[in-house]
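Shown next: input-v9.pdb, containing PDB, C-alpha atoms.
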```pdb
ATOM      1  CA  MET A 257      59.847  66.524 154.685
ATOM      2  CA  LYS A 258      61.949  68.382 152.170
ATOM      3  CA  GLU A 259      65.366  69.935 151.783
ATOM      4  CA  GLY A 260      66.526  71.192 148.432
ATOM      5  CA  ASN A 261      65.225  68.796 145.818
ATOM      6  CA  PHE A 262      64.417  65.985 148.225
ATOM      7  CA  ILE A 263      60.683  65.540 148.808
ATOM      8  CA  ASP A 264      59.303  62.322 150.281
ATOM      9  CA  TYR A 265      55.633  63.191 150.892
ATOM     10  CA  VAL A 266      53.111  64.681 148.485
ATOM     11  CA  LYS A 267      49.329  64.774 147.963
ATOM     12  CA  LEU A 268      47.866  64.540 144.471
ATOM     13  CA  HIS A 269      44.428  64.836 142.903
ATOM     14  CA  VAL A 270      44.112  62.419 139.973
ATOM     15  CA  SER A 271      41.352  62.221 137.352
ATOM     16  CA  SER A 272      41.020  59.581 134.677
ATOM     17  CA  GLY A 273      39.371  60.344 131.334
ATOM     18  CA  ASN A 274      35.659  60.024 130.601
ATOM     19  CA  GLY A 275      34.526  57.433 128.077
ATOM     20  CA  GLY A 276      33.508  58.805 124.695
ATOM     21  CA  LYS A 277      29.869  58.927 123.610
ATOM     22  CA  GLY A 278      28.451  56.318 121.295
ATOM     23  CA  SER A 279      27.278  57.628 117.932
ATOM     24  CA  MET A 280      23.614  57.797 116.924
ATOM     25  CA  HIS A 281      24.045  57.704 113.176
ATOM     26  CA  LEU A 282      21.850  56.307 110.398
ATOM     27  CA  HIS A 283      23.567  55.190 107.225
ATOM     28  CA  ARG A 284      22.818  57.424 104.242
ATOM     29  CA  GLU A 285      24.206  56.710 100.800
ATOM     30  CA  LYS A 286      23.093  57.218  97.214
ATOM     31  CA  TYR A 287      20.844  54.366  96.069
ATOM     32  CA  ILE A 288      20.626  53.048  99.649
ATOM     33  CA  THR A 289      17.577  54.684 101.151
ATOM     34  CA  LYS A 290      17.414  52.753 104.387
ATOM     35  CA  GLY A 291      20.951  51.827 105.343
ATOM     36  CA  GLY A 292      20.060  51.393 108.998
ATOM     37  CA  PRO A 293      22.012  52.364 112.148
ATOM     38  CA  ASP A 294      25.815  52.445 111.907
ATOM     39  CA  GLY A 295      26.861  54.613 114.859
ATOM     40  CA  GLY A 296      30.203  53.499 116.354
ATOM     41  CA  ASP A 297      31.252  53.077 119.997
ATOM     42  CA  GLY A 298      32.971  55.714 122.073
ATOM     43  CA  GLY A 299      36.612  55.270 123.049
ATOM     44  CA  ARG A 300      37.863  54.424 126.523
ATOM     45  CA  GLY A 301      39.003  57.260 128.757
ATOM     46  CA  GLY A 302      42.681  57.400 129.652
ATOM     47  CA  HIS A 303      43.945  55.670 132.814
ATOM     48  CA  VAL A 304      46.153  57.317 135.431
ATOM     49  CA  ILE A 305      48.994  54.849 136.053
ATOM     50  CA  ILE A 306      51.720  54.972 138.678
ATOM     51  CA  ARG A 307      54.977  53.419 137.462
ATOM     52  CA  GLY A 308      58.195  52.563 139.295
ATOM     53  CA  ASN A 309      61.405  54.169 138.051
ATOM     54  CA  GLU A 310      64.702  53.041 139.569
ATOM     55  CA  ASN A 311      66.439  56.205 138.351
ATOM     56  CA  LEU A 312      64.354  58.497 140.563
ATOM     57  CA  TRP A 313      65.082  59.221 144.233
ATOM     58  CA  THR A 314      62.605  61.973 145.140
ATOM     59  CA  LEU A 315      59.019  63.133 144.590
ATOM     60  CA  TYR A 316      60.271  66.630 143.769
ATOM     61  CA  GLU A 317      58.484  66.760 140.401
ATOM     62  CA  PHE A 318      55.077  66.774 142.114
ATOM     63  CA  ASN A 319      55.905  69.764 144.280
ATOM     64  CA  PHE A 320      54.653  71.936 141.397
ATOM     65  CA  LYS A 321      52.111  69.637 139.750
ATOM     66  CA  ARG A 322      49.452  68.402 142.157
ATOM     67  CA  HIS A 323      46.601  67.762 139.668
ATOM     68  CA  ILE A 324      46.999  64.893 137.215
ATOM     69  CA  LYS A 325      44.358  64.459 134.518
ATOM     70  CA  ALA A 326      44.102  61.867 131.741
ATOM     71  CA  GLU A 327      42.587  62.433 128.306
ATOM     72  CA  HIS A 328      38.919  61.741 127.552
ATOM     73  CA  GLY A 329      37.948  59.061 125.050
ATOM     74  CA  GLY A 330      36.825  60.137 121.602
ATOM     75  CA  ASN A 331      33.196  59.929 120.471
ATOM     76  CA  GLY A 332      32.045  57.208 118.097
ATOM     77  CA  GLY A 333      31.486  58.007 114.422
ATOM     78  CA  LYS A 334      29.577  56.800 111.397
ATOM     79  CA  GLN A 335      30.214  53.492 109.663
ATOM     80  CA  ARG A 336      30.692  51.916 113.071
ATOM     81  CA  SER A 337      33.892  53.898 113.677
ATOM     82  CA  THR A 338      35.091  53.553 117.248
ATOM     83  CA  GLY A 339      36.329  56.703 118.955
ATOM     84  CA  ALA A 340      39.981  56.957 119.902
ATOM     85  CA  ASP A 341      40.986  55.830 123.397
ATOM     86  CA  GLY A 342      42.123  58.622 125.680
ATOM     87  CA  GLU A 343      45.876  58.751 126.254
ATOM     88  CA  ASP A 344      47.002  57.205 129.530
ATOM     89  CA  VAL A 345      48.989  59.360 131.960
ATOM     90  CA  TYR A 346      52.003  57.789 133.686
ATOM     91  CA  ILE A 347      53.230  59.018 137.060
ATOM     92  CA  ASP A 348      56.845  57.889 137.507
ATOM     93  CA  VAL A 349      57.878  57.494 141.148
ATOM     94  CA  PRO A 350      60.974  56.161 142.961
ATOM     95  CA  LEU A 351      61.085  52.590 144.214
ATOM     96  CA  GLY A 352      59.845  52.385 147.783
ATOM     97  CA  THR A 353      56.863  54.696 147.216
ATOM     98  CA  VAL A 354      53.702  53.849 149.166
ATOM     99  CA  ILE A 355      50.360  54.969 147.694
ATOM    100  CA  ARG A 356      47.594  55.875 150.146
ATOM    101  CA  ASP A 357      44.010  57.029 149.820
ATOM    102  CA  THR A 358      44.151  60.535 151.264
ATOM    103  CA  ASP A 359      40.622  60.401 152.696
ATOM    104  CA  THR A 360      40.864  57.021 154.457
ATOM    105  CA  GLN A 361      44.669  56.746 154.796
ATOM    106  CA  ALA A 362      44.326  53.139 153.622
ATOM    107  CA  ILE A 363      47.308  51.784 151.690
ATOM    108  CA  ILE A 364      46.318  51.211 148.070
ATOM    109  CA  ASP A 365      49.601  49.648 146.965
ATOM    110  CA  GLU A 366      53.351  50.208 146.919
ATOM    111  CA  ILE A 367      56.011  50.401 144.242
ATOM    112  CA  THR A 368      58.986  48.120 144.851
ATOM    113  CA  GLU A 369      60.156  47.120 141.349
ATOM    114  CA  ASN A 370      61.343  48.981 138.288
ATOM    115  CA  ASN A 371      58.597  49.456 135.653
ATOM    116  CA  GLN A 372      55.953  48.105 138.051
ATOM    117  CA  GLU A 373      52.626  49.646 137.031
ATOM    118  CA  ILE A 374      49.502  50.289 139.122
ATOM    119  CA  ILE A 375      46.331  51.767 137.622
ATOM    120  CA  ILE A 376      45.302  54.282 140.248
ATOM    121  CA  ALA A 377      42.304  55.722 138.365
ATOM    122  CA  ARG A 378      40.615  53.768 135.569
ATOM    123  CA  GLY A 379      39.337  55.550 132.496
ATOM    124  CA  GLY A 380      35.603  55.413 131.836
ATOM    125  CA  LYS A 381      34.291  52.896 129.339
ATOM    126  CA  GLY A 382      33.068  54.257 126.015
ATOM    127  CA  GLY A 383      29.327  54.221 125.265
ATOM    128  CA  ARG A 384      27.908  51.842 122.663
ATOM    129  CA  GLY A 385      26.735  53.167 119.314
ATOM    130  CA  ASN A 386      23.168  52.777 118.084
ATOM    131  CA  TRP A 387      23.975  49.822 115.808
ATOM    132  CA  HIS A 388      24.176  47.643 118.946
ATOM    133  CA  PHE A 389      20.505  48.286 119.655
ATOM    134  CA  LYS A 390      19.103  47.255 116.282
ATOM    135  CA  SER A 391      16.496  44.503 116.513
ATOM    136  CA  SER A 392      13.624  43.075 114.500
ATOM    137  CA  THR A 393      11.196  45.316 116.340
ATOM    138  CA  ASN A 394      13.434  48.402 116.416
ATOM    139  CA  GLN A 395      15.329  48.597 113.155
ATOM    140  CA  THR A 396      16.291  52.271 113.385
ATOM    141  CA  PRO A 397      17.225  52.990 117.033
ATOM    142  CA  ARG A 398      17.768  56.697 117.460
ATOM    143  CA  TYR A 399      19.693  56.541 120.685
ATOM    144  CA  ALA A 400      23.196  55.556 121.869
ATOM    145  CA  GLN A 401      24.938  55.232 125.201
ATOM    146  CA  PRO A 402      26.875  58.080 126.764
ATOM    147  CA  GLY A 403      30.362  57.293 127.983
ATOM    148  CA  ILE A 404      30.977  56.298 131.588
ATOM    149  CA  PRO A 405      32.665  59.075 133.617
ATOM    150  CA  GLY A 406      36.242  58.541 134.751
ATOM    151  CA  GLU A 407      37.388  58.273 138.358
ATOM    152  CA  GLU A 408      38.517  61.133 140.572
ATOM    153  CA  ARG A 409      40.398  60.610 143.803
ATOM    154  CA  ASP A 410      42.930  62.135 146.158
ATOM    155  CA  ILE A 411      46.043  60.094 146.824
ATOM    156  CA  THR A 412      49.109  60.518 148.996
ATOM    157  CA  LEU A 413      52.553  59.364 147.904
ATOM    158  CA  GLU A 414      55.037  58.504 150.657
ATOM    159  CA  LEU A 415      58.605  57.658 149.784
ATOM    160  CA  LYS A 416      60.353  55.190 152.078
ATOM    161  CA  VAL A 417      64.047  55.005 151.307
ATOM    162  CA  LEU A 418      65.244  51.538 150.274
ATOM    163  CA  ALA A 419      68.498  50.754 152.100
ATOM    164  CA  ASP A 420      70.079  47.709 153.726
ATOM    165  CA  VAL A 421      71.313  49.548 156.820
ATOM    166  CA  GLY A 422      69.663  52.528 158.502
ATOM    167  CA  LEU A 423      71.575  54.802 160.872
ATOM    168  CA  VAL A 424      69.602  55.587 164.022
ATOM    169  CA  GLY A 425      70.745  58.088 166.618
ATOM    170  CA  PHE A 426      70.270  61.407 168.342
ATOM    171  CA  PRO A 427      71.166  64.623 166.510
ATOM    172  CA  ASN A 428      74.904  65.247 166.339
ATOM    173  CA  ALA A 429      75.769  61.606 167.131
ATOM    174  CA  GLY A 430      78.144  61.424 164.158
ATOM    175  CA  LYS A 431      75.890  59.641 161.654
ATOM    176  CA  SER A 432      76.720  61.934 158.740
ATOM    177  CA  THR A 433      80.428  61.735 159.520
ATOM    178  CA  LEU A 434      80.296  57.939 159.553
ATOM    179  CA  LEU A 435      78.403  57.868 156.244
ATOM    180  CA  SER A 436      80.959  60.196 154.639
ATOM    181  CA  VAL A 437      83.818  57.961 155.803
ATOM    182  CA  ILE A 438      82.312  54.549 155.069
ATOM    183  CA  THR A 439      80.805  55.524 151.673
ATOM    184  CA  ALA A 440      81.391  58.049 148.895
ATOM    185  CA  ALA A 441      78.358  60.104 149.989
ATOM    186  CA  LYS A 442      78.865  63.776 150.873
ATOM    187  CA  PRO A 443      76.241  64.600 153.522
ATOM    188  CA  LYS A 444      76.148  67.979 155.229
ATOM    189  CA  ILE A 445      78.282  67.947 158.394
ATOM    190  CA  ALA A 446      78.315  70.705 161.018
ATOM    191  CA  ASP A 447      78.681  71.165 164.760
ATOM    192  CA  TYR A 448      75.009  71.730 165.562
ATOM    193  CA  GLU A 449      71.891  69.626 165.891
ATOM    194  CA  PHE A 450      69.619  68.645 162.989
ATOM    195  CA  THR A 451      72.312  69.186 160.380
ATOM    196  CA  THR A 452      70.688  66.354 158.412
ATOM    197  CA  LEU A 453      67.222  67.308 157.185
ATOM    198  CA  LYS A 454      66.798  64.536 154.612
ATOM    199  CA  PRO A 455      67.868  60.883 154.337
ATOM    200  CA  ASN A 456      71.244  60.465 152.648
ATOM    201  CA  LEU A 457      72.173  57.247 150.862
ATOM    202  CA  GLY A 458      75.630  55.799 150.346
ATOM    203  CA  ILE A 459      77.041  52.542 148.987
ATOM    204  CA  VAL A 460      79.422  50.739 151.331
ATOM    205  CA  LYS A 461      82.091  48.836 149.420
ATOM    206  CA  TYR A 462      82.933  45.455 150.921
ATOM    207  CA  ARG A 463      85.267  42.606 150.110
ATOM    208  CA  ASP A 464      85.385  40.880 146.724
ATOM    209  CA  TYR A 465      83.598  43.776 144.980
ATOM    210  CA  GLN A 466      80.487  43.318 147.105
ATOM    211  CA  SER A 467      78.504  46.212 148.556
ATOM    212  CA  PHE A 468      75.450  47.248 150.538
ATOM    213  CA  VAL A 469      73.450  50.463 150.902
ATOM    214  CA  MET A 470      73.477  52.595 154.055
ATOM    215  CA  ALA A 471      71.054  55.432 154.847
ATOM    216  CA  ASP A 472      71.677  58.335 157.216
ATOM    217  CA  ILE A 473      68.293  59.188 158.755
ATOM    218  CA  PRO A 474      67.671  62.620 160.378
ATOM    219  CA  GLY A 475      68.297  62.516 164.123
ATOM    220  CA  ILE A 476      65.730  61.265 166.609
ATOM    221  CA  ILE A 477      64.897  63.093 169.811
ATOM    222  CA  GLU A 478      62.740  61.979 172.710
ATOM    223  CA  GLY A 479      59.093  62.475 171.724
ATOM    224  CA  ALA A 480      59.756  62.169 167.980
ATOM    225  CA  ALA A 481      56.882  59.704 167.595
ATOM    226  CA  GLU A 482      54.539  62.501 168.797
ATOM    227  CA  GLY A 483      55.965  64.960 166.292
ATOM    228  CA  LYS A 484      58.737  66.650 168.309
ATOM    229  CA  GLY A 485      61.866  67.753 166.532
ATOM    230  CA  LEU A 486      61.609  66.661 162.922
ATOM    231  CA  GLY A 487      58.669  64.511 163.969
ATOM    232  CA  TYR A 488      57.669  61.080 162.811
ATOM    233  CA  ARG A 489      58.014  61.636 159.049
ATOM    234  CA  PHE A 490      61.626  60.529 158.822
ATOM    235  CA  LEU A 491      60.831  57.346 160.769
ATOM    236  CA  ARG A 492      59.058  55.904 157.720
ATOM    237  CA  HIS A 493      62.444  55.499 156.022
ATOM    238  CA  ILE A 494      63.631  53.126 158.754
ATOM    239  CA  GLU A 495      60.794  50.710 157.943
ATOM    240  CA  ARG A 496      62.598  49.601 154.766
ATOM    241  CA  ASN A 497      65.964  48.848 156.368
ATOM    242  CA  SER A 498      67.075  45.277 157.024
ATOM    243  CA  THR A 499      69.457  46.213 159.830
ATOM    244  CA  LEU A 500      69.350  49.203 162.166
ATOM    245  CA  LEU A 501      72.698  50.629 163.237
ATOM    246  CA  PHE A 502      72.313  52.565 166.484
ATOM    247  CA  LEU A 503      74.976  55.242 166.797
ATOM    248  CA  ILE A 504      75.582  56.550 170.323
ATOM    249  CA  PRO A 505      78.486  58.875 171.183
ATOM    250  CA  CYS A 506      80.791  57.649 173.929
ATOM    251  CA  ASP A 507      80.578  61.020 175.718
ATOM    252  CA  ALA A 508      76.823  60.651 176.261
ATOM    253  CA  ASP A 509      75.663  60.989 179.866
ATOM    254  CA  ASP A 510      74.307  57.439 179.777
ATOM    255  CA  VAL A 511      74.889  55.251 176.702
ATOM    256  CA  ILE A 512      72.342  52.630 177.731
ATOM    257  CA  LYS A 513      69.676  55.221 178.515
ATOM    258  CA  GLN A 514      70.138  56.864 175.102
ATOM    259  CA  TYR A 515      69.797  53.469 173.431
ATOM    260  CA  GLU A 516      66.584  52.752 175.363
ATOM    261  CA  ILE A 517      65.100  56.147 174.424
ATOM    262  CA  LEU A 518      65.835  55.497 170.738
ATOM    263  CA  LEU A 519      64.347  52.020 171.013
ATOM    264  CA  ASP A 520      61.234  53.367 172.731
ATOM    265  CA  GLU A 521      60.667  55.962 170.000
ATOM    266  CA  LEU A 522      60.833  53.244 167.351
ATOM    267  CA  ARG A 523      58.447  51.058 169.342
ATOM    268  CA  ARG A 524      55.923  53.878 169.741
ATOM    269  CA  TYR A 525      56.045  54.647 166.033
ATOM    270  CA  ASN A 526      55.860  51.029 164.829
ATOM    271  CA  PRO A 527      56.441  48.019 167.144
ATOM    272  CA  GLU A 528      57.469  45.906 164.146
ATOM    273  CA  LEU A 529      60.687  47.926 163.910
ATOM    274  CA  LEU A 530      61.924  46.111 167.021
ATOM    275  CA  ASP A 531      61.939  42.859 165.046
ATOM    276  CA  LYS A 532      64.731  44.124 162.808
ATOM    277  CA  ASP A 533      68.365  43.166 163.386
ATOM    278  CA  ARG A 534      70.247  45.681 165.487
ATOM    279  CA  VAL A 535      73.894  46.661 165.769
ATOM    280  CA  VAL A 536      75.172  49.266 168.244
ATOM    281  CA  ALA A 537      78.203  51.439 167.511
ATOM    282  CA  ILE A 538      79.715  53.610 170.244
ATOM    283  CA  SER A 539      81.004  56.542 168.208
ATOM    284  CA  LYS A 540      83.756  59.096 168.866
ATOM    285  CA  SER A 541      85.642  56.413 170.827
ATOM    286  CA  ASP A 542      88.982  58.111 170.047
ATOM    287  CA  MET A 543      88.055  60.404 172.945
ATOM    288  CA  LEU A 544      88.357  57.488 175.394
ATOM    289  CA  ASP A 545      91.579  56.200 176.869
ATOM    290  CA  GLN A 546      91.968  52.454 177.380
ATOM    291  CA  GLU A 547      90.855  52.550 181.000
ATOM    292  CA  LEU A 548      87.626  54.457 180.297
ATOM    293  CA  GLN A 549      86.821  52.211 177.347
ATOM    294  CA  ARG A 550      87.388  49.132 179.505
ATOM    295  CA  GLU A 551      84.995  50.484 182.146
ATOM    296  CA  GLN A 552      82.290  51.187 179.561
ATOM    297  CA  GLN A 553      82.842  47.783 177.995
ATOM    298  CA  GLU A 554      82.216  45.940 181.261
ATOM    299  CA  GLU A 555      78.888  47.728 181.676
ATOM    300  CA  LEU A 556      77.857  47.233 178.047
ATOM    301  CA  ASP A 557      78.817  43.537 177.977
ATOM    302  CA  ALA A 558      76.191  42.818 180.612
ATOM    303  CA  TYR A 559      73.496  44.835 178.833
ATOM    304  CA  PHE A 560      74.098  44.031 175.166
ATOM    305  CA  ASN A 561      74.409  40.313 175.735
ATOM    306  CA  LYS A 562      72.801  39.282 172.423
ATOM    307  CA  ILE A 563      73.186  42.479 170.417
ATOM    308  CA  PRO A 564      76.547  43.066 168.687
ATOM    309  CA  TYR A 565      78.200  46.327 169.690
ATOM    310  CA  LEU A 566      81.603  47.858 169.068
ATOM    311  CA  PHE A 567      83.579  51.032 169.623
ATOM    312  CA  ILE A 568      84.314  53.107 166.525
ATOM    313  CA  SER A 569      85.703  56.467 165.496
ATOM    314  CA  ALA A 570      84.888  57.703 162.021
ATOM    315  CA  VAL A 571      87.395  60.549 162.257
ATOM    316  CA  ALA A 572      90.261  58.340 163.471
ATOM    317  CA  GLN A 573      89.188  55.393 161.270
ATOM    318  CA  GLN A 574      88.984  53.101 164.297
ATOM    319  CA  GLY A 575      86.779  50.003 164.142
ATOM    320  CA  ILE A 576      85.430  50.816 160.667
ATOM    321  CA  ALA A 577      86.563  47.525 159.073
ATOM    322  CA  GLN A 578      85.111  45.531 161.994
ATOM    323  CA  LEU A 579      81.836  47.470 161.674
ATOM    324  CA  LYS A 580      81.578  46.525 157.993
ATOM    325  CA  ASP A 581      82.153  42.875 158.914
ATOM    326  CA  VAL A 582      79.422  42.888 161.558
ATOM    327  CA  LEU A 583      76.928  44.633 159.263
ATOM    328  CA  TRP A 584      77.663  42.262 156.367
ATOM    329  CA  GLU A 585      77.218  39.251 158.650
ATOM    330  CA  ASN A 586      73.860  40.600 159.849
ATOM    331  CA  LEU A 587      72.671  41.292 156.332
ATOM    332  CA  ASN A 588      73.656  37.874 155.017
ATOM    333  CA  LYS A 589      73.052  35.777 158.143
ATOM    334  CA  LYS A 590      76.133  33.692 157.676
ATOM    335  CA  PRO A 591      79.621  33.703 159.216
ATOM    336  CA  ILE A 592      82.286  35.636 157.387
TER     337      ILE A 592
END
```
What's the structure tokens form of this structure?
Amino acid sequence: MKEGNFIDYVKLHVSSGNGGKGSMHLHREKYITKGGPDGGDGGRGGHVIIRGNENLWTLYEFNFKRHIKAEHGGNGGKQRSTGADGEDVYIDVPLGTVIRDTDTQAIIDEITENNQEIIIARGGKGGRGNWHFKSSTNQTPRYAQPGIPGEERDITLELKVLADVGLVGFPNAGKSTLLSVITAAKPKIADYEFTTLKPNLGIVKYRDYQSFVMADIPGIIEGAAEGKGLGYRFLRHIERNSTLLFLIPCDADDVIKQYEILLDELRRYNPELLDKDRVVAISKSDMLDQELQREQQEELDAYFNKIPYLFISAVAQQGIAQLKDVLWENLNKKPI
């Protein structure tokens, strides 16, 4: 998925460096007629290393550079000189990046901490020079080891946004509007579906200079887990969230049915998502008069018996403070 500079999925071909060749050299010096073998070892090939960088937020850099290659190790020299090691190549990625083997789709590892390093392709070991093979029966070995070839592999990098709260809802449910009101983020807002084509992050300021991170995820439609709409790609970002905030507009034909469709899409994508804490916000509630809100509340009380829900309006600033309180309580698991 990409919009502008935001890219959260990329395939790379990485190659580590070959080990350098060992030297087959016999010592020659004036007045020393039989100096013997003194060929040095080859240097190690360069590693390809993936490193976490907290200052990055996208995989945009790799949109133009899909082949990563490390330097080969240097060959050994005379007087037992070891060849230079090949220079390692570092691939800096945002925190929350999952590394997969492209061929098997198996997860190799994931980057969750700043400066965390994972060697994704090891450089080949340098060959030994001929001085290693000297013996009483073979005092002038005229052979040395070649270097070991480096590794080549195809990997896939998947970025999963790290946020405390993830906004879940149908297109045009008001997620971007809520994010723009509750944080300093400036997501794209318009009166048509799929306005949001990339996850947007914002920091929600809370009491006593505390804060938490909220992510606006592109809208879900029925069948998203099978690839409809924007498909399943954006769903990976929800996997990192501690709390899921379901946003359902009050003018929906059936609030409960919309919630169940959203829940079913998450279950079909990854059943473990249902284990996360959930909060439901009925958005655009400034459109309801007191009588209509009371009627909806009676129906929702019976359904959301253990799940906190509340009526909000981002435009009218209704229920925003209460929403922050509920989210903070869920994130910290303690009464306010």
Item to check | Gap from CA of Gly383 in chain A to CA of Ser272 in chain A - Å, one decimal | outcome: 15.9 Å
Checklist entry - Can you tell me, as JSON, numbers by chain, what residues are no more than 8 Å from Ile375 in chain A when counting all atoms listed in the file, ignoring any on the same chain fewer than 2 positions away? => result {"A": [303, 304, 305, 306, 373, 377, 378]}
Item to check | Picked residues, the PyMOL selection byres ((chain A and resi 353) around 12), as a PyMOL selection string | outcome: chain A and resi 263-266+306-310+312-315+347-352+354-356+363-370+372+374+412-418+492-493+496
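Nearest residue to Lys461 in chain A among A:Thr393, A:Ser541, A:Ile438, A:Asn586 is A:Ile438, counting only C-alpha atoms.
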Item to check | Closest of A:Lys540, A:Lys580, A:His328, A:Lys381 to Asn428 in chain A - atom-to-atom distances counting all atoms listed in the file | outcome: A:Lys540
Checklist entry - Could you name the residues that touch Ile324 in chain A at 7 Å or less, counting all atoms listed in the file, but leaving out those on the same chain fewer than 6 positions away, as a ChimeraX atom specification? => result /A:269-271
Export, as a short mmCIF file (atom, residue, chain, number, x, y, z; two decimals), keeping the file's coordinate frame, the selected residues with C-alpha atoms.
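Dumped to result.cif:
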```
data_model
loop_
_atom_site.label_atom_id
_atom_site.label_comp_id
_atom_site.auth_asym_id
_atom_site.auth_seq_id
_atom_site.Cartn_x
_atom_site.Cartn_y
_atom_site.Cartn_z
CA HIS A 269 44.43 64.84 142.90
CA VAL A 270 44.11 62.42 139.97
CA SER A 271 41.35 62.22 137.35
#
```
Item to check | Residues matched by the PyMOL selection byres ((chain A and resi 297) around 6), written as a list of chain:residue names | outcome: A:Gly278, A:Gly296, A:Gly298, A:Gly332, A:Thr338, A:Gly383, A:Arg384, A:Gly385
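Considering the residues A:Leu268, A:Ala419, A:Ala362, A:Ala429 and counting all atoms listed in the file, Leu457 in chain A has its shortest atom-to-atom contact with A:Ala419.
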Checklist entry - Near Glu343 in chain A, counting all atoms listed in the file, which residues have an atom at most 9 Å away, once you skip same-chain residues fewer than 3 positions from it, shown as a list in words? => result Gly273, Gly301, Gly302, His303, Ala326, Glu327, His328, Gly329 and Ala340 of chain A
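For the pair CA of Glu317 in chain A and CA of Thr439 in chain A, the interatomic distance is 27.4 Å.
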Checklist entry - Taking into account all atoms listed in the file, which residue in the set A:Asn588, A:Ser467, A:Ile512, A:Met543 is nearest to Leu556 in chain A? => result A:Ile512
Item to check | Pairwise distance for CA of Tyr525 in chain A and CA of Glu495 in chain A, rounded to one decimal in Å | outcome: 10.2 Å
Checklist outcome for this item: Among A:Gly382, A:His281, A:Asn456, A:Asn311, Tyr399 in chain A is approached most closely, using all atoms listed in the file, by A:His281
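Matched in the shown structure by the PyMOL selection byres ((chain A and resi 280) around 6): Ser279, His281, Gly295, Asn386, Arg398, Tyr399 and Ala400 of chain A.
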Using the selection just defined, write its residues with C-alpha atoms as a compact mmCIF listing (two decimals), in the frame of the given file.
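The result, stored in selection_17.txt:
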```txt
# COMPACT_ATOMS: atom_id res chain seq x y z
CA SER A 279 27.28 57.63 117.93
CA HIS A 281 24.04 57.70 113.18
CA GLY A 295 26.86 54.61 114.86
CA ASN A 386 23.17 52.78 118.08
CA ARG A 398 17.77 56.70 117.46
CA TYR A 399 19.69 56.54 120.68
CA ALA A 400 23.20 55.56 121.87
```
Checklist entry - What's the 12 Å shell around Val460 in chain A, counting all atoms listed in the file, without same-chain residues fewer than 2 positions away, as JSON, numbers by chain? => result {"A": [419, 420, 421, 434, 435, 436, 437, 438, 439, 440, 441, 457, 458, 462, 463, 465, 466, 467, 468, 469, 470, 471, 576, 577, 579, 580, 581, 583, 584]}
Checklist entry - Could you pull the residues within 10 Å of Thr396 in chain A, counting all atoms listed in the file, minus those fewer than 6 positions along the same chain, as a PyMOL selection string? => result chain A and resi 280-283+290-294+386-387+389-390
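Using only C-alpha atoms, the nearest neighbour of Gly275 in chain A within the list A:Gln552, A:Thr289, A:Gln401, A:Gln578 is A:Gln401.
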